[in-house]
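A.B. asks: Next comes final-v1.pdb, PDB, C-alpha atoms:
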ATOM      1  CA  MET S   1     179.572 125.230  51.287
ATOM      2  CA  ARG S   2     180.818 128.185  49.298
ATOM      3  CA  ALA S   3     178.574 130.874  47.867
ATOM      4  CA  ILE S   4     178.635 134.370  46.427
ATOM      5  CA  THR S   5     177.894 136.906  49.152
ATOM      6  CA  THR S   6     177.662 140.687  49.155
ATOM      7  CA  ARG S   7     179.892 142.476  51.658
ATOM      8  CA  GLU S   8     177.795 145.642  51.401
ATOM      9  CA  PRO S   9     175.556 147.247  48.771
ATOM     10  CA  GLY S  10     177.553 148.502  45.824
ATOM     11  CA  GLY S  11     179.129 147.707  42.486
ATOM     12  CA  PRO S  12     180.112 144.279  41.138
ATOM     13  CA  ASP S  13     183.323 144.229  43.197
ATOM     14  CA  VAL S  14     181.352 143.731  46.429
ATOM     15  CA  LEU S  15     180.573 140.149  45.332
ATOM     16  CA  ALA S  16     182.786 137.556  47.018
ATOM     17  CA  TRP S  17     183.093 133.742  46.886
ATOM     18  CA  THR S  18     183.020 132.805  50.577
ATOM     19  CA  GLU S  19     182.132 130.019  52.992
ATOM     20  CA  VAL S  20     178.607 130.007  54.426
ATOM     21  CA  ARG S  21     176.507 127.497  56.329
ATOM     22  CA  ASP S  22     175.054 124.609  54.311
ATOM     23  CA  PRO S  23     171.287 124.841  53.798
ATOM     24  CA  GLU S  24     169.080 122.010  55.002
ATOM     25  CA  PRO S  25     165.886 121.006  53.210
ATOM     26  CA  GLY S  26     162.754 121.558  55.263
ATOM     27  CA  PRO S  27     159.392 119.828  54.824
ATOM     28  CA  GLY S  28     158.446 119.751  51.165
ATOM     29  CA  GLU S  29     161.886 120.928  50.072
ATOM     30  CA  VAL S  30     164.701 119.394  48.052
ATOM     31  CA  LEU S  31     168.416 120.075  48.454
ATOM     32  CA  VAL S  32     170.076 120.641  45.078
ATOM     33  CA  ARG S  33     173.813 120.441  44.449
ATOM     34  CA  VAL S  34     174.167 123.342  42.032
ATOM     35  CA  ALA S  35     175.849 122.834  38.668
ATOM     36  CA  ALA S  36     175.094 126.308  37.328
ATOM     37  CA  THR S  37     173.027 129.413  37.913
ATOM     38  CA  ALA S  38     172.170 132.390  35.720
ATOM     39  CA  VAL S  39     172.346 136.148  36.119
ATOM     40  CA  ASN S  40     169.148 138.203  36.150
ATOM     41  CA  ARG S  41     168.628 141.947  36.498
ATOM     42  CA  ALA S  42     167.040 141.307  39.876
ATOM     43  CA  ASP S  43     170.470 140.092  41.035
ATOM     44  CA  LEU S  44     171.998 143.437  40.072
ATOM     45  CA  LEU S  45     169.343 145.300  42.034
ATOM     46  CA  GLN S  46     169.817 143.039  45.045
ATOM     47  CA  ARG S  47     173.578 143.638  44.946
ATOM     48  CA  GLN S  48     172.929 147.384  44.957
ATOM     49  CA  GLY S  49     170.643 147.085  47.981
ATOM     50  CA  HIS S  50     167.426 147.892  46.084
ATOM     51  CA  TYR S  51     165.744 144.472  45.936
ATOM     52  CA  PRO S  52     166.059 142.473  49.151
ATOM     53  CA  PRO S  53     164.951 138.836  49.100
ATOM     54  CA  PRO S  54     161.618 137.751  50.592
ATOM     55  CA  LYS S  55     161.547 137.372  54.356
ATOM     56  CA  GLY S  56     163.073 134.072  55.420
ATOM     57  CA  THR S  57     164.988 133.627  52.139
ATOM     58  CA  THR S  58     168.775 133.408  51.993
ATOM     59  CA  ASP S  59     170.695 136.591  51.148
ATOM     60  CA  VAL S  60     172.696 134.652  48.542
ATOM     61  CA  PRO S  61     171.553 135.909  45.119
ATOM     62  CA  GLY S  62     170.338 133.757  42.260
ATOM     63  CA  LEU S  63     166.764 133.195  41.061
ATOM     64  CA  GLU S  64     167.357 129.954  39.160
ATOM     65  CA  CYS S  65     169.748 127.039  38.984
ATOM     66  CA  SER S  66     170.418 123.601  37.571
ATOM     67  CA  GLY S  67     171.980 120.686  39.353
ATOM     68  CA  THR S  68     171.491 117.299  40.962
ATOM     69  CA  VAL S  69     169.165 116.349  43.800
ATOM     70  CA  ALA S  70     171.359 115.809  46.874
ATOM     71  CA  ALA S  71     168.726 115.160  49.555
ATOM     72  CA  LEU S  72     164.966 115.125  50.084
ATOM     73  CA  GLY S  73     163.179 116.928  52.896
ATOM     74  CA  PRO S  74     160.288 115.342  54.800
ATOM     75  CA  GLY S  75     157.213 114.629  52.721
ATOM     76  CA  VAL S  76     158.810 114.977  49.284
ATOM     77  CA  THR S  77     157.711 112.477  46.649
ATOM     78  CA  GLY S  78     158.288 112.261  42.919
ATOM     79  CA  TRP S  79     162.005 113.020  43.053
ATOM     80  CA  GLU S  80     165.034 110.871  43.836
ATOM     81  CA  VAL S  81     168.564 111.631  44.967
ATOM     82  CA  GLY S  82     170.687 111.903  41.833
ATOM     83  CA  ASP S  83     167.943 113.329  39.585
ATOM     84  CA  GLU S  84     169.162 116.087  37.269
ATOM     85  CA  VAL S  85     166.928 119.117  37.656
ATOM     86  CA  CYS S  86     166.579 122.848  37.216
ATOM     87  CA  ALA S  87     164.662 125.095  39.572
ATOM     88  CA  LEU S  88     162.962 128.435  40.050
ATOM     89  CA  LEU S  89     164.272 130.071  43.236
ATOM     90  CA  ALA S  90     163.449 132.993  45.511
ATOM     91  CA  GLY S  91     167.225 133.240  46.050
ATOM     92  CA  GLY S  92     170.319 131.166  46.717
ATOM     93  CA  GLY S  93     171.388 130.068  43.238
ATOM     94  CA  TYR S  94     174.910 131.528  43.435
ATOM     95  CA  ALA S  95     176.067 128.685  45.690
ATOM     96  CA  GLU S  96     177.179 125.077  45.791
ATOM     97  CA  LEU S  97     173.949 123.966  47.475
ATOM     98  CA  VAL S  98     170.425 125.381  47.618
ATOM     99  CA  ALA S  99     167.195 124.237  49.262
ATOM    100  CA  VAL S 100     164.138 124.691  47.057
ATOM    101  CA  PRO S 101     160.448 123.782  47.376
ATOM    102  CA  ALA S 102     159.834 120.572  45.444
ATOM    103  CA  ALA S 103     156.981 122.287  43.588
ATOM    104  CA  GLN S 104     159.533 124.619  41.979
ATOM    105  CA  LEU S 105     161.687 121.830  40.528
ATOM    106  CA  LEU S 106     161.687 120.904  36.857
ATOM    107  CA  PRO S 107     163.326 117.999  35.067
ATOM    108  CA  LEU S 108     165.826 118.941  32.390
ATOM    109  CA  PRO S 109     163.968 119.475  29.108
ATOM    110  CA  GLY S 110     164.958 117.099  26.343
ATOM    111  CA  GLY S 111     168.103 118.036  24.455
ATOM    112  CA  VAL S 112     169.352 120.580  27.022
ATOM    113  CA  ASP S 113     172.556 119.919  28.970
ATOM    114  CA  LEU S 114     172.850 120.447  32.710
ATOM    115  CA  VAL S 115     174.716 123.766  32.617
ATOM    116  CA  THR S 116     172.575 125.339  29.875
ATOM    117  CA  ALA S 117     169.415 124.347  31.745
ATOM    118  CA  ALA S 118     170.261 126.943  34.406
ATOM    119  CA  SER S 119     169.290 129.659  31.926
ATOM    120  CA  LEU S 120     165.691 128.505  31.587
ATOM    121  CA  PRO S 121     163.562 128.481  34.781
ATOM    122  CA  GLU S 122     163.275 132.222  35.417
ATOM    123  CA  VAL S 123     162.634 133.229  31.801
ATOM    124  CA  ALA S 124     160.336 130.278  31.136
ATOM    125  CA  CYS S 125     158.204 130.922  34.206
ATOM    126  CA  THR S 126     158.156 134.687  33.651
ATOM    127  CA  VAL S 127     157.128 134.451  30.013
ATOM    128  CA  TRP S 128     154.580 131.665  30.451
ATOM    129  CA  SER S 129     152.909 133.206  33.507
ATOM    130  CA  ASN S 130     152.639 136.657  31.948
ATOM    131  CA  VAL S 131     152.240 136.138  28.221
ATOM    132  CA  VAL S 132     150.106 132.995  28.285
ATOM    133  CA  LEU S 133     148.398 132.595  31.671
ATOM    134  CA  LEU S 134     147.748 136.302  32.291
ATOM    135  CA  ALA S 135     147.656 137.996  28.874
ATOM    136  CA  ARG S 136     146.252 134.977  26.998
ATOM    137  CA  LEU S 137     148.276 135.522  23.819
ATOM    138  CA  SER S 138     146.807 133.448  21.002
ATOM    139  CA  ALA S 139     147.551 132.580  17.394
ATOM    140  CA  GLY S 140     147.147 135.424  14.924
ATOM    141  CA  GLU S 141     147.622 138.172  17.516
ATOM    142  CA  THR S 142     150.466 140.701  17.530
ATOM    143  CA  PHE S 143     152.861 140.532  20.460
ATOM    144  CA  LEU S 144     155.330 143.305  21.337
ATOM    145  CA  VAL S 145     158.208 142.609  23.721
ATOM    146  CA  HIS S 146     160.526 145.385  24.845
ATOM    147  CA  GLY S 147     164.150 144.434  25.374
ATOM    148  CA  GLY S 148     163.997 141.711  22.750
ATOM    149  CA  ALA S 149     167.731 140.946  23.059
ATOM    150  CA  GLY S 150     167.620 140.170  26.787
ATOM    151  CA  GLY S 151     166.975 136.915  28.550
ATOM    152  CA  ILE S 152     163.220 137.456  28.805
ATOM    153  CA  GLY S 153     162.992 138.909  25.308
ATOM    154  CA  THR S 154     164.854 136.167  23.475
ATOM    155  CA  HIS S 155     162.702 133.546  25.185
ATOM    156  CA  ALA S 156     159.446 135.468  24.672
ATOM    157  CA  ILE S 157     160.071 135.841  20.932
ATOM    158  CA  GLN S 158     160.313 132.090  20.518
ATOM    159  CA  VAL S 159     157.343 131.230  22.725
ATOM    160  CA  ALA S 160     155.123 133.749  20.948
ATOM    161  CA  LYS S 161     156.138 132.404  17.536
ATOM    162  CA  ALA S 162     155.475 128.842  18.712
ATOM    163  CA  LEU S 163     151.972 129.987  19.692
ATOM    164  CA  GLY S 164     151.408 131.426  16.210
ATOM    165  CA  ALA S 165     151.669 135.140  17.020
ATOM    166  CA  ARG S 166     153.176 137.978  14.996
ATOM    167  CA  VAL S 167     156.130 139.250  17.035
ATOM    168  CA  ALA S 168     157.499 142.769  17.320
ATOM    169  CA  VAL S 169     160.589 143.667  19.367
ATOM    170  CA  THR S 170     162.534 146.703  20.466
ATOM    171  CA  ALA S 171     166.318 146.687  20.885
ATOM    172  CA  GLY S 172     169.137 149.220  20.808
ATOM    173  CA  SER S 173     171.166 148.290  17.733
ATOM    174  CA  ALA S 174     170.842 146.837  14.253
ATOM    175  CA  ARG S 175     173.058 143.905  15.262
ATOM    176  CA  ARG S 176     170.865 142.976  18.204
ATOM    177  CA  LEU S 177     167.719 143.347  16.124
ATOM    178  CA  ALA S 178     169.177 141.074  13.439
ATOM    179  CA  ARG S 179     169.703 138.372  16.042
ATOM    180  CA  CYS S 180     166.125 138.840  17.245
ATOM    181  CA  ALA S 181     165.012 138.278  13.643
ATOM    182  CA  GLU S 182     166.943 135.001  13.618
ATOM    183  CA  LEU S 183     164.802 133.890  16.570
ATOM    184  CA  GLY S 184     161.625 134.705  14.628
ATOM    185  CA  ALA S 185     160.825 138.376  15.307
ATOM    186  CA  ASP S 186     158.764 139.898  12.478
ATOM    187  CA  VAL S 187     158.885 143.622  13.292
ATOM    188  CA  LEU S 188     162.206 145.125  14.400
ATOM    189  CA  VAL S 189     162.335 148.504  16.139
ATOM    190  CA  ASN S 190     165.539 150.311  17.079
ATOM    191  CA  TYR S 191     164.344 152.265  20.114
ATOM    192  CA  ARG S 192     167.241 154.723  19.741
ATOM    193  CA  GLU S 193     166.060 155.772  16.272
ATOM    194  CA  GLN S 194     162.426 154.740  15.812
ATOM    195  CA  ASP S 195     159.072 155.153  17.540
ATOM    196  CA  PHE S 196     157.691 151.718  18.344
ATOM    197  CA  VAL S 197     154.084 152.961  18.200
ATOM    198  CA  ALA S 198     154.532 154.066  14.583
ATOM    199  CA  GLU S 199     156.474 150.959  13.586
ATOM    200  CA  VAL S 200     154.279 148.322  15.258
ATOM    201  CA  GLY S 201     150.889 149.877  14.654
ATOM    202  CA  ARG S 202     148.750 147.817  17.011
ATOM    203  CA  ALA S 203     149.721 145.128  19.502
ATOM    204  CA  ASP S 204     147.308 142.785  21.249
ATOM    205  CA  VAL S 205     149.792 141.984  24.012
ATOM    206  CA  VAL S 206     152.749 144.078  25.219
ATOM    207  CA  LEU S 207     155.371 142.676  27.616
ATOM    208  CA  ASP S 208     157.191 145.655  29.125
ATOM    209  CA  ASN S 209     160.340 145.879  31.246
ATOM    210  CA  MET S 210     160.568 149.685  31.237
ATOM    211  CA  GLY S 211     157.660 150.752  33.414
ATOM    212  CA  ALA S 212     157.047 154.486  33.742
ATOM    213  CA  ALA S 213     159.033 155.675  30.725
ATOM    214  CA  TYR S 214     156.990 153.608  28.275
ATOM    215  CA  LEU S 215     153.568 153.592  29.964
ATOM    216  CA  ASP S 216     151.786 156.189  27.825
ATOM    217  CA  ARG S 217     153.147 154.903  24.520
ATOM    218  CA  ASN S 218     152.462 151.305  25.513
ATOM    219  CA  VAL S 219     148.819 152.247  25.975
ATOM    220  CA  ASP S 220     148.913 154.028  22.601
ATOM    221  CA  VAL S 221     150.153 150.895  20.828
ATOM    222  CA  LEU S 222     147.533 148.598  22.334
ATOM    223  CA  ALA S 223     144.882 147.250  19.999
ATOM    224  CA  PRO S 224     141.233 147.142  21.097
ATOM    225  CA  ASP S 225     140.970 144.658  23.987
ATOM    226  CA  GLY S 226     144.780 144.832  24.261
ATOM    227  CA  ARG S 227     146.707 143.682  27.322
ATOM    228  CA  LEU S 228     149.780 145.461  28.707
ATOM    229  CA  VAL S 229     151.832 143.469  31.231
ATOM    230  CA  ILE S 230     154.565 145.335  33.118
ATOM    231  CA  ILE S 231     157.345 143.179  34.596
ATOM    232  CA  GLY S 232     160.131 145.722  35.111
ATOM    233  CA  MET S 233     160.884 149.296  36.125
ATOM    234  CA  GLN S 234     164.081 150.097  34.234
ATOM    235  CA  GLY S 235     162.447 153.331  33.075
ATOM    236  CA  GLY S 236     161.133 154.441  36.449
ATOM    237  CA  VAL S 237     158.263 153.706  38.808
ATOM    238  CA  LYS S 238     155.854 156.647  38.481
ATOM    239  CA  ALA S 239     153.934 157.849  35.424
ATOM    240  CA  GLU S 240     150.534 159.305  34.568
ATOM    241  CA  LEU S 241     147.998 156.836  33.181
ATOM    242  CA  ASN S 242     145.296 158.116  30.822
ATOM    243  CA  ILE S 243     142.345 155.980  31.848
ATOM    244  CA  GLY S 244     140.312 157.418  28.993
ATOM    245  CA  LYS S 245     142.589 155.695  26.483
ATOM    246  CA  LEU S 246     142.123 152.393  28.291
ATOM    247  CA  LEU S 247     138.336 152.737  28.366
ATOM    248  CA  ALA S 248     138.197 153.583  24.671
ATOM    249  CA  LYS S 249     140.172 150.446  23.835
ATOM    250  CA  ARG S 250     138.684 148.185  26.536
ATOM    251  CA  ALA S 251     142.340 147.588  27.382
ATOM    252  CA  SER S 252     143.991 146.392  30.572
ATOM    253  CA  VAL S 253     147.254 147.079  32.412
ATOM    254  CA  SER S 254     148.763 144.480  34.763
ATOM    255  CA  ALA S 255     151.959 144.498  36.794
ATOM    256  CA  THR S 256     153.358 141.220  38.083
ATOM    257  CA  GLY S 257     156.434 139.540  39.518
ATOM    258  CA  LEU S 258     157.533 136.016  40.382
ATOM    259  CA  ARG S 259     159.891 136.273  43.327
ATOM    260  CA  PHE S 260     157.389 137.226  46.022
ATOM    261  CA  ARG S 261     154.592 134.872  44.963
ATOM    262  CA  PRO S 262     153.712 132.074  47.370
ATOM    263  CA  VAL S 263     154.679 128.535  46.452
ATOM    264  CA  ASP S 264     151.110 127.256  46.503
ATOM    265  CA  GLY S 265     147.757 128.618  45.370
ATOM    266  CA  PRO S 266     146.182 129.601  42.042
ATOM    267  CA  SER S 267     148.825 132.260  41.324
ATOM    268  CA  GLY S 268     151.651 130.476  43.139
ATOM    269  CA  LYS S 269     155.012 129.488  41.732
ATOM    270  CA  GLY S 270     154.101 125.818  41.954
ATOM    271  CA  ARG S 271     151.254 126.246  39.508
ATOM    272  CA  VAL S 272     153.430 128.270  37.103
ATOM    273  CA  VAL S 273     156.161 125.605  37.198
ATOM    274  CA  ALA S 274     153.612 122.855  36.553
ATOM    275  CA  GLU S 275     152.242 124.755  33.545
ATOM    276  CA  VAL S 276     155.752 125.273  32.174
ATOM    277  CA  ARG S 277     156.529 121.591  32.567
ATOM    278  CA  GLU S 278     153.340 120.516  30.810
ATOM    279  CA  HIS S 279     153.121 123.044  27.990
ATOM    280  CA  LEU S 280     156.470 124.785  27.458
ATOM    281  CA  TRP S 281     158.958 121.985  28.082
ATOM    282  CA  PRO S 282     157.688 120.063  25.004
ATOM    283  CA  MET S 283     158.426 123.177  22.902
ATOM    284  CA  VAL S 284     161.991 123.162  24.208
ATOM    285  CA  ALA S 285     162.359 119.428  23.659
ATOM    286  CA  ASP S 286     161.291 119.629  20.005
ATOM    287  CA  GLY S 287     163.394 122.723  19.273
ATOM    288  CA  ARG S 288     160.687 125.328  18.800
ATOM    289  CA  VAL S 289     162.084 127.192  21.823
ATOM    290  CA  LYS S 290     165.827 127.102  22.466
ATOM    291  CA  PRO S 291     167.921 128.413  25.367
ATOM    292  CA  VAL S 292     169.848 131.526  24.376
ATOM    293  CA  VAL S 293     173.115 131.733  26.327
ATOM    294  CA  ASP S 294     175.523 134.544  25.556
ATOM    295  CA  ARG S 295     178.373 133.179  27.680
ATOM    296  CA  VAL S 296     179.248 130.796  30.508
ATOM    297  CA  LEU S 297     181.586 132.053  33.230
ATOM    298  CA  PRO S 298     182.914 130.402  36.395
ATOM    299  CA  ILE S 299     180.930 131.331  39.504
ATOM    300  CA  ARG S 300     184.022 133.060  40.913
ATOM    301  CA  GLU S 301     183.656 135.574  38.053
ATOM    302  CA  ALA S 302     180.166 136.659  39.131
ATOM    303  CA  ALA S 303     181.379 140.277  39.285
ATOM    304  CA  GLU S 304     182.431 140.126  35.630
ATOM    305  CA  ALA S 305     179.039 138.640  34.721
ATOM    306  CA  HIS S 306     177.272 141.519  36.478
ATOM    307  CA  ARG S 307     179.460 144.051  34.664
ATOM    308  CA  ALA S 308     178.610 142.441  31.327
ATOM    309  CA  LEU S 309     174.882 142.579  31.959
ATOM    310  CA  GLU S 310     175.044 146.164  33.178
ATOM    311  CA  GLY S 311     177.099 147.121  30.134
ATOM    312  CA  GLY S 312     174.453 145.917  27.695
ATOM    313  CA  ASP S 313     176.875 143.598  25.903
ATOM    314  CA  VAL S 314     174.776 140.461  26.418
ATOM    315  CA  PHE S 315     172.369 138.690  24.066
ATOM    316  CA  GLY S 316     170.219 136.261  26.010
ATOM    317  CA  LYS S 317     171.521 134.953  29.330
ATOM    318  CA  VAL S 318     174.815 134.831  31.213
ATOM    319  CA  VAL S 319     175.331 131.509  33.003
ATOM    320  CA  LEU S 320     177.637 130.958  35.971
ATOM    321  CA  ALA S 321     179.063 127.439  36.216
ATOM    322  CA  VAL S 322     179.548 126.182  39.780
TER     323      VAL S 322
END
Would you kindly transcribe this structure into C-alpha cells?
C.D. replies:
Amino acid sequence: MRAITTREPGGPDVLAWTEVRDPEPGPGEVLVRVAATAVNRADLLQRQGHYPPPKGTTDVPGLECSGTVAALGPGVTGWEVGDEVCALLAGGGYAELVAVPAAQLLPLPGGVDLVTAASLPEVACTVWSNVVLLARLSAGETFLVHGGAGGIGTHAIQVAKALGARVAVTAGSARRLARCAELGADVLVNYREQDFVAEVGRADVVLDNMGAAYLDRNVDVLAPDGRLVIIGMQGGVKAELNIGKLLAKRASVSATGLRFRPVDGPSGKGRVVAEVREHLWPMVADGRVKPVVDRVLPIREAAEAHRALEGGDVFGKVVLAV
C-alpha cells in the first residue's frame, strides 16, 4: 500500500507519500480500506519527533479514519466485509489500509458521508471521555473550552449545548468567535484582548489545551466543586499549582489522553467508543452535533494540511481524502 511517512523529524516537507508493507489484521482486529483521515495536533508533534506512537504501533501518523472493512482478523464478530465505518486509531490513518481493534470501530452516524466521518472519532472520543465521563458536565452548568475554534473546541461546544450547559469559549479573533457563536457558544472571549476569568466569571468544567500557561487562571475561574481537565500542553508542561485554591473550592484537576490508553478495561478506548456510539452518535444523527470540516485535501497534500493547522487558519478539522 501507499502511506504518508516521515523521512526524519522536521517541518511539513518531511512528509512523503511512499510505498510501505500492507498491514494484516491480528486477533480481534479489522482491516479498513481508508477513505479519509483527519489531521490532529498530535500528528504535528509526531512529525517533529516529539510524540512517538505507542510501542508496537505503526509509525504512519493518523489518529482517526473512515473507510470500508476489507478483512476481519480472527475472533471478530459484529462486522462484515464491506461495512462503512470510522475508527479511533493509535496511528496509521494516513494510509490506504490500516488495522484497528474491532472495539475501536464505529458505524457511520446517520446523515454523515464517508469522507466527513473521518473528522469525528478523535474529537468525539476526546470530548465524551473528558467532558462527560470524567468531568460529569450536566445541564445548567457552565462549561469553558479553550481553543473553541479548533477541532476539539467546535465539537465540545455542540456537545455541551446538547447536554444543556452554558458554554464559554476562548479564541484569537472576532471572526473565529462569531463562528463559535453560530455553533451555540454563549460567552465569547478573545484571548488576545480579554481575560477569560473576568469574562466567564465561574465555570463548573474547564477543558484546557494550553497546560502550564493557563493553569493558575483556570483554577481561578473554577466554581466551587469545579473540574479542570487538561488535554494539551500548547502552553508548556510545568507550572506552579496553588493547592490552597483547590481546597477552598473543593475543585479537581485531571490530565488525560486517548492515544496511550489500552483497548480494554474501564478506562480503555473500547469503553469510550461504546459510550460514543450509544450516547453521542444519536446527537449527530439528529443534527444536534454536526461535523465541522474546514477543508478536504488529497492525502498527497498532507504537508499543506499540516502547514494550515500550524498557521492557525483552520476552523474545525482538516480532512485528508485517500
A.B. asks: Taking the file as shown, what set of residues would the PyMOL selection byres ((chain S and resi 157) around 7) give back, as a ChimeraX atom specification?
C.D. replies: /S:153-156,158-161,167,183-185
A.B. asks: Enumerate, in order of chain and increasing residue number, the residues of stretch 46-156 of chain S with an atom no farther than 6 Å from stretch 194-216 of chain S, each with its shortest atom pair and distance in Å to one decimal, counting all atoms listed in the file, as a tab-separated table.
C.D. replies:
residue	atom	partner	partner_atom	distance
S:Glu141	CA	S:Asp204	CA	5.9
S:Thr142	CA	S:Ala203	CA	4.9
S:Phe143	CA	S:Val205	CA	4.9
S:Leu144	CA	S:Val206	CA	4.7
S:Val145	CA	S:Leu207	CA	4.8
S:His146	CA	S:Asp208	CA	5.4
A.B. asks: Nearest to S:Leu31: which of S:Pro74, S:Gly11, S:Pro54, S:Gly236 is it, counting only C-alpha atoms?
C.D. replies: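 With only C-alpha atoms as the atom set, the closest residue is S:Pro74.
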A.B. asks: What does the distance from atom CA of S:Ser119 to atom CA of S:Asn40 come to in Å, to one decimal?
C.D. replies: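 Computing it gives 9.5 Å between the two atoms.
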A.B. asks: Just the residues within 7 Å of stretch 302-317 of chain S, please, counting only C-alpha atoms, with nothing from its chain fewer than 5 positions along; format it as JSON, numbers by chain.
C.D. replies: {"S": [12, 13, 15, 38, 39, 44, 119, 149, 150, 151, 154, 292, 293, 294]}
A.B. asks: Find the residues of stretch 15-37 of chain S that sit at most 6 Å from stretch 99-114 of chain S; for each, write down the nearest two atoms and how far apart they are in Å, to one decimal. Count all atoms listed in the file. Sort by chain, then by number going up, and give it as a Markdown table.
C.D. replies:
| residue | atom | partner | partner_atom | distance |
| --- | --- | --- | --- | --- |
| S:Pro25 | CA | S:Ala99 | CA | 5.3 |
| S:Gly28 | CA | S:Pro101 | CA | 5.9 |
| S:Glu29 | CA | S:Pro101 | CA | 4.2 |
| S:Val30 | CA | S:Val100 | CA | 5.4 |
| S:Leu31 | CA | S:Ala99 | CA | 4.4 |
A.B. asks: Please compute the atom CA of S:Val273-atom CA of S:Ala3 distance, one decimal, in Å.
C.D. replies: 25.4 Å
A.B. asks: Quick one: distance from atom CA of S:Leu134 to atom CA of S:Ala181 in Å, one decimal?
C.D. replies: 25.5 Å
A.B. asks: So, counting all atoms listed in the file, which residue among S:Leu320, S:Ser252, S:Ala16, S:Pro262 is closest to S:Val34?
C.D. replies: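 So, comparing all the options, the nearest one is S:Leu320.
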A.B. asks: As an MDAnalysis selection string, please: the residues near S:Pro298 (cut-off 12 Å, all atoms listed in the file, same-chain neighbours under 6 positions excluded).
C.D. replies: chainID S and resid 4 17 35:38 94:95 115 304:305 318:322
A.B. asks: Could you write out the selected residues, including C-alpha atoms, as an mmCIF file, keeping the file's coordinate frame?
C.D. replies:
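Contents of again.cif, freshly written:
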data_model
loop_
_atom_site.group_PDB
_atom_site.id
_atom_site.type_symbol
_atom_site.label_atom_id
_atom_site.label_comp_id
_atom_site.auth_asym_id
_atom_site.auth_seq_id
_atom_site.Cartn_x
_atom_site.Cartn_y
_atom_site.Cartn_z
ATOM 1 C CA ILE S 4 178.635 134.370 46.427
ATOM 2 C CA TRP S 17 183.093 133.742 46.886
ATOM 3 C CA ALA S 35 175.849 122.834 38.668
ATOM 4 C CA ALA S 36 175.094 126.308 37.328
ATOM 5 C CA THR S 37 173.027 129.413 37.913
ATOM 6 C CA ALA S 38 172.170 132.390 35.720
ATOM 7 C CA TYR S 94 174.910 131.528 43.435
ATOM 8 C CA ALA S 95 176.067 128.685 45.690
ATOM 9 C CA VAL S 115 174.716 123.766 32.617
ATOM 10 C CA GLU S 304 182.431 140.126 35.630
ATOM 11 C CA ALA S 305 179.039 138.640 34.721
ATOM 12 C CA VAL S 318 174.815 134.831 31.213
ATOM 13 C CA VAL S 319 175.331 131.509 33.003
ATOM 14 C CA LEU S 320 177.637 130.958 35.971
ATOM 15 C CA ALA S 321 179.063 127.439 36.216
ATOM 16 C CA VAL S 322 179.548 126.182 39.780
#
A.B. asks: Which residues, written as a list in words, have at least one atom at most 8 Å from S:Lys249, with all atoms listed in the file counted and residues fewer than 3 positions away on the same chain left out?
C.D. replies: Leu222, Ala223, Pro224, Asp225, Gly226, Lys245 and Leu246 of chain S
A.B. asks: At a cut-off of 8 Å, using only C-alpha atoms, what residues contact stretch 120-127 of chain S? Leave out same-chain residues fewer than 3 positions from it and give the result as a ChimeraX atom specification.
C.D. replies: /S:63-65,86-88,116-117,130-132,151-152,155-156,159,257-258,272-273,276,280,291
A.B. asks: List the residues selected by the PyMOL selection byres ((chain S and resi 190) around 8) in the file shown, writing them as a PyMOL selection string.
C.D. replies: chain S and resi 170-174+177+188-189+191-194
A.B. asks: What does the PyMOL selection byres ((chain S and resi 91) around 8) select in this file, as JSON, numbers by chain?
C.D. replies: {"S": [53, 57, 58, 59, 60, 61, 62, 63, 64, 89, 90, 92, 93]}
A.B. asks: Write a file of the just-selected residues containing C-alpha atoms, as a short mmCIF file (atom, residue, chain, number, x, y, z; two decimals), in the coordinates of the input.
C.D. replies:
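Final output, result_24.cif:
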data_model
loop_
_atom_site.label_atom_id
_atom_site.label_comp_id
_atom_site.auth_asym_id
_atom_site.auth_seq_id
_atom_site.Cartn_x
_atom_site.Cartn_y
_atom_site.Cartn_z
CA PRO S 53 164.95 138.84 49.10
CA THR S 57 164.99 133.63 52.14
CA THR S 58 168.78 133.41 51.99
CA ASP S 59 170.70 136.59 51.15
CA VAL S 60 172.70 134.65 48.54
CA PRO S 61 171.55 135.91 45.12
CA GLY S 62 170.34 133.76 42.26
CA LEU S 63 166.76 133.20 41.06
CA GLU S 64 167.36 129.95 39.16
CA LEU S 89 164.27 130.07 43.24
CA ALA S 90 163.45 132.99 45.51
CA GLY S 92 170.32 131.17 46.72
CA GLY S 93 171.39 130.07 43.24
#
A.B. asks: Looking at only C-alpha atoms, which of S:His50, S:Arg217, S:Arg227, S:Arg288 is the one that sits closest to S:Glu240?
C.D. replies: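 When distances to S:Glu240 are compared using only C-alpha atoms, the smallest one comes from S:Arg217.
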